[in-house]
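**Q** Below you will find the structure I want to go over with you.
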Amino acid sequence: ALGAQTSPPAPARSLAGVLAALDRAAPRLRTLSADAQVDDYTALVDSHSRSAGRFFFARTARGPRYALRLTAPADAAKTLLYRDDTAWVYVPASRQVDVYPLRRHAAAVERYLLLGLGASGAELHRSYHIVLDPPARLGGAALVELTLTPRDPDAAARVPRINLWFDPAQAWVEVQQQLFQPGGDYHLVRYTAIARNPRLPAGAFATTFPGATVVRH
């Protein structure tokens with residue numbers, strides 16, 4: 001649970017300090033692995049859909065790579081993978097992989113999918129109005145929470161608010177992200193057992209799904 005914390009780290013006492021700390025931390029993040037817990041909330045029926053799995057991220061010479069492999073519960077298993085300006089969405093229950101070319105939507109990918117993953121404070125400030133929220137704690141860690149609202153009106157109409165939580169004690173790595181939609185729905189991802197700049201498994205970003213039907217969009 002999140003709660004008040006009375007003694008924030010020095011860089012976290014002002015928005016300028018937080019953005020400067022993110023500027024310093026961003027170039028140092030090359031890879032990331034973590035356990036991931038996802039909560040998709042539907043306000044209309046007051047319903048939560050929760051799942052868990054593993055998360056991998058890397059910045060490479062060919063661009064960022066992202067993999068969220070959800071495995072529990074089994075009936076909610078799904079893989080979301082992004083690399084080479086393309087997204088793959090694999091649902092084992094349907095044995096289908098949907099492939100989406102996203103070269104024309106690079107800005108949206110950075111704005112939502114990769115948000116907070118090695119982004120500098122300057123990059124966040126260019127795309128969002130940012131508010132530094134009161135200090136928070138999550139899982140016993142003292143965190144810095146930011147509330148972001150998109151500067152672009154079209155983006156704000158789709159995702160009016162985003163909250164990000166960073167851990168200064170872990171080189172300002174993002175530990176939680178919450179994207180709100182109109183009507184009160186939200187998508188929440190929490191990262192635990194975080195490893196910063198690890199050597200990732202060879203198949204972390206593999207795009208082969210044996211036995212699955214591939215549907216290209």
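Letters for chains follow the order of the structure tokens (A, B, ...), residue numbers begin at 1 for each chain, and ligand numbers begin at 1 in the order shown.
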Counting only C-alpha atoms, which residues in region 69-159 of chain A sit no more than 12 Å from region 33-44 of chain A? For each one, give the nearest pair of atoms and the distance in Å, sorted by chain then residue number, as a Markdown table.
**A**
```
| residue | atom | partner | partner_atom | distance |
| --- | --- | --- | --- | --- |
| A:Arg69 | CA | A:Ala36 | CA | 8.6 |
| A:Leu70 | CA | A:Ala36 | CA | 7.9 |
| A:Thr71 | CA | A:Ala36 | CA | 10.2 |
| A:Ala72 | CA | A:Gln37 | CA | 9.5 |
| A:Pro73 | CA | A:Gln37 | CA | 11.2 |
| A:Ala76 | CA | A:Val38 | CA | 10.8 |
| A:Ala77 | CA | A:Val38 | CA | 11.5 |
| A:Lys78 | CA | A:Val38 | CA | 11.4 |
| A:Leu117 | CA | A:Ser33 | CA | 11.3 |
```
**Q** Which region 146-210 of chain A residues have any atom within 9 Å of an atom of region 82-101 of chain A, and for each, what is the nearest pair of atoms with distance in Å to one decimal, counting only C-alpha atoms, rows sorted by chain and number, as a Markdown table?
**A**
```
| residue | atom | partner | partner_atom | distance |
| --- | --- | --- | --- | --- |
| A:Phe205 | CA | A:Arg83 | CA | 7.6 |
| A:Thr207 | CA | A:Trp88 | CA | 7.4 |
| A:Phe209 | CA | A:Val97 | CA | 7.6 |
```
**Q** Give me a file of those residues, with N, CA and C atoms, as a compact mmCIF listing (two decimals), in the first residue's frame.
**A**
```txt
# COMPACT_ATOMS: atom_id res chain seq x y z
N PHE A 205 13.42 -11.52 -25.98
CA PHE A 205 12.65 -10.77 -26.98
C PHE A 205 12.38 -11.61 -28.23
N THR A 207 10.52 -13.62 -31.03
CA THR A 207 9.23 -13.37 -31.69
C THR A 207 8.69 -14.63 -32.36
N PHE A 209 6.48 -18.07 -31.87
CA PHE A 209 5.45 -18.63 -31.00
C PHE A 209 4.97 -19.92 -31.66
```
**Q** Any chance you could list, as an NGL selection string, the residues in region 8-217 of chain A that come up strand (DSSP E) when DSSP is run on the backbone?
**A** :A and (31-42 or 47-60 or 63-72 or 78-83 or 86-91 or 96-101 or 128-132 or 136-138 or 141-150 or 161-167 or 173-180 or 186-196 or 213-216)
**Q** Suppose you want the space between CA of Arg28 (chain A) and CA of Gly118 (chain A); what is it in Å?
**A**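 These atoms are spaced 8.0 Å apart.
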**Q** Skip region 194-196 of chain A itself and residues of its chain fewer than 5 positions away, then list as a short mmCIF file (atom, residue, chain, number, x, y, z; two decimals) with N, CA and C atoms, in the first residue's frame all residues within 12 Å of it, counting only C-alpha atoms.
**A**
```cif
data_model
loop_
_atom_site.label_atom_id
_atom_site.label_comp_id
_atom_site.auth_asym_id
_atom_site.auth_seq_id
_atom_site.Cartn_x
_atom_site.Cartn_y
_atom_site.Cartn_z
N ALA A 25 20.13 9.70 -14.52
CA ALA A 25 19.95 8.25 -14.47
C ALA A 25 19.67 7.63 -15.83
N ALA A 26 19.01 8.37 -16.71
CA ALA A 26 18.54 7.80 -17.98
C ALA A 26 19.63 7.14 -18.81
N ARG A 28 22.23 5.70 -18.02
CA ARG A 28 22.87 4.56 -17.35
C ARG A 28 22.02 3.29 -17.41
N LEU A 29 20.75 3.42 -17.82
CA LEU A 29 19.88 2.25 -17.88
C LEU A 29 19.99 1.62 -19.26
N ARG A 30 20.54 0.42 -19.31
CA ARG A 30 20.70 -0.30 -20.58
C ARG A 30 19.73 -1.47 -20.67
N THR A 31 19.61 -2.23 -19.58
CA THR A 31 18.67 -3.35 -19.55
C THR A 31 17.97 -3.38 -18.20
N LEU A 32 16.84 -4.08 -18.17
CA LEU A 32 16.06 -4.18 -16.95
C LEU A 32 15.28 -5.49 -16.98
N SER A 33 15.21 -6.16 -15.84
CA SER A 33 14.34 -7.32 -15.71
C SER A 33 13.63 -7.21 -14.37
N ALA A 34 12.42 -7.76 -14.30
CA ALA A 34 11.64 -7.66 -13.08
C ALA A 34 10.48 -8.64 -13.13
N ASP A 35 9.95 -8.95 -11.94
CA ASP A 35 8.64 -9.56 -11.87
C ASP A 35 7.61 -8.46 -12.09
N ALA A 36 6.51 -8.79 -12.74
CA ALA A 36 5.49 -7.79 -13.04
C ALA A 36 4.12 -8.25 -12.57
N ARG A 54 6.73 -11.95 -16.06
CA ARG A 54 8.08 -11.39 -16.11
C ARG A 54 8.14 -10.25 -17.11
N PHE A 55 9.03 -9.30 -16.83
CA PHE A 55 9.21 -8.13 -17.68
C PHE A 55 10.68 -7.98 -18.03
N PHE A 56 10.94 -7.63 -19.31
CA PHE A 56 12.31 -7.39 -19.78
C PHE A 56 12.33 -6.12 -20.63
N PHE A 57 13.41 -5.38 -20.51
CA PHE A 57 13.56 -4.15 -21.29
C PHE A 57 15.03 -3.99 -21.66
N ALA A 58 15.27 -3.48 -22.87
CA ALA A 58 16.65 -3.21 -23.29
C ALA A 58 16.67 -2.05 -24.26
N LEU A 117 10.78 4.29 -18.76
CA LEU A 117 11.84 3.28 -18.85
C LEU A 117 13.07 3.93 -19.48
N GLY A 118 13.90 4.50 -18.66
CA GLY A 118 15.09 5.17 -19.15
C GLY A 118 14.83 6.52 -19.76
N ASP A 167 12.08 4.87 -7.70
CA ASP A 167 12.81 4.56 -6.47
C ASP A 167 14.20 5.20 -6.53
N ALA A 169 16.52 5.02 -4.46
CA ALA A 169 17.52 4.11 -3.93
C ALA A 169 17.96 3.07 -4.96
N GLN A 170 17.20 2.94 -6.05
CA GLN A 170 17.56 2.01 -7.13
C GLN A 170 17.87 2.79 -8.41
N ALA A 171 18.64 3.85 -8.25
CA ALA A 171 19.08 4.66 -9.40
C ALA A 171 17.89 5.19 -10.20
N TRP A 172 16.84 5.54 -9.49
CA TRP A 172 15.67 6.17 -10.09
C TRP A 172 14.99 5.27 -11.12
N VAL A 173 14.98 3.99 -10.87
CA VAL A 173 14.25 3.08 -11.75
C VAL A 173 12.75 3.20 -11.45
N GLU A 174 11.95 3.02 -12.49
CA GLU A 174 10.49 3.06 -12.31
C GLU A 174 10.03 1.75 -11.67
N VAL A 175 9.21 1.85 -10.61
CA VAL A 175 8.72 0.65 -9.94
C VAL A 175 7.21 0.47 -10.09
N GLN A 176 6.51 1.49 -10.55
CA GLN A 176 5.07 1.35 -10.78
C GLN A 176 4.60 2.42 -11.75
#
```
**Q** Please identify the alpha helix (DSSP H) residues within region 11-209 of chain A (assignment by DSSP from backbone atoms) and present them as a PDB file with C-alpha atoms, in the first residue's frame.
**A**
```pdb
ATOM      1  CA  LEU A  15      10.199  18.846  -9.310  1.00  0.00           C
ATOM      2  CA  ALA A  16      13.355  20.371 -10.791  1.00  0.00           C
ATOM      3  CA  GLY A  17      15.451  18.103  -8.585  1.00  0.00           C
ATOM      4  CA  VAL A  18      13.520  15.015  -9.647  1.00  0.00           C
ATOM      5  CA  LEU A  19      13.779  15.834 -13.356  1.00  0.00           C
ATOM      6  CA  ALA A  20      17.501  16.504 -13.003  1.00  0.00           C
ATOM      7  CA  ALA A  21      17.957  13.153 -11.231  1.00  0.00           C
ATOM      8  CA  LEU A  22      16.104  11.380 -14.063  1.00  0.00           C
ATOM      9  CA  ASP A  23      18.331  13.182 -16.574  1.00  0.00           C
ATOM     10  CA  ARG A  24      21.401  11.743 -14.847  1.00  0.00           C
ATOM     11  CA  ALA A  25      19.954   8.246 -14.467  1.00  0.00           C
ATOM     12  CA  ALA A 106       6.832   5.790 -32.607  1.00  0.00           C
ATOM     13  CA  ALA A 107       5.761   8.821 -30.569  1.00  0.00           C
ATOM     14  CA  ALA A 108       2.824   6.927 -29.054  1.00  0.00           C
ATOM     15  CA  GLY A 121      13.364  14.330 -17.111  1.00  0.00           C
ATOM     16  CA  ALA A 122      13.664  16.588 -20.160  1.00  0.00           C
ATOM     17  CA  GLU A 123      11.910  14.000 -22.335  1.00  0.00           C
ATOM     18  CA  LEU A 124       9.046  13.674 -19.883  1.00  0.00           C
ATOM     19  CA  HIS A 125       8.732  17.441 -19.613  1.00  0.00           C
ATOM     20  CA  ARG A 126       8.462  17.843 -23.384  1.00  0.00           C
ATOM     21  CA  SER A 127       5.415  15.579 -23.599  1.00  0.00           C
ATOM     22  CA  PRO A 153      -4.940  17.404 -26.516  1.00  0.00           C
ATOM     23  CA  ASP A 154      -5.554  14.259 -28.591  1.00  0.00           C
ATOM     24  CA  ALA A 155      -3.324  12.218 -26.293  1.00  0.00           C
ATOM     25  CA  ALA A 156      -5.028  13.717 -23.233  1.00  0.00           C
ATOM     26  CA  ALA A 157      -8.416  12.690 -24.587  1.00  0.00           C
ATOM     27  CA  ARG A 158      -7.279   9.045 -24.700  1.00  0.00           C
TER      28      ARG A 158
END
```
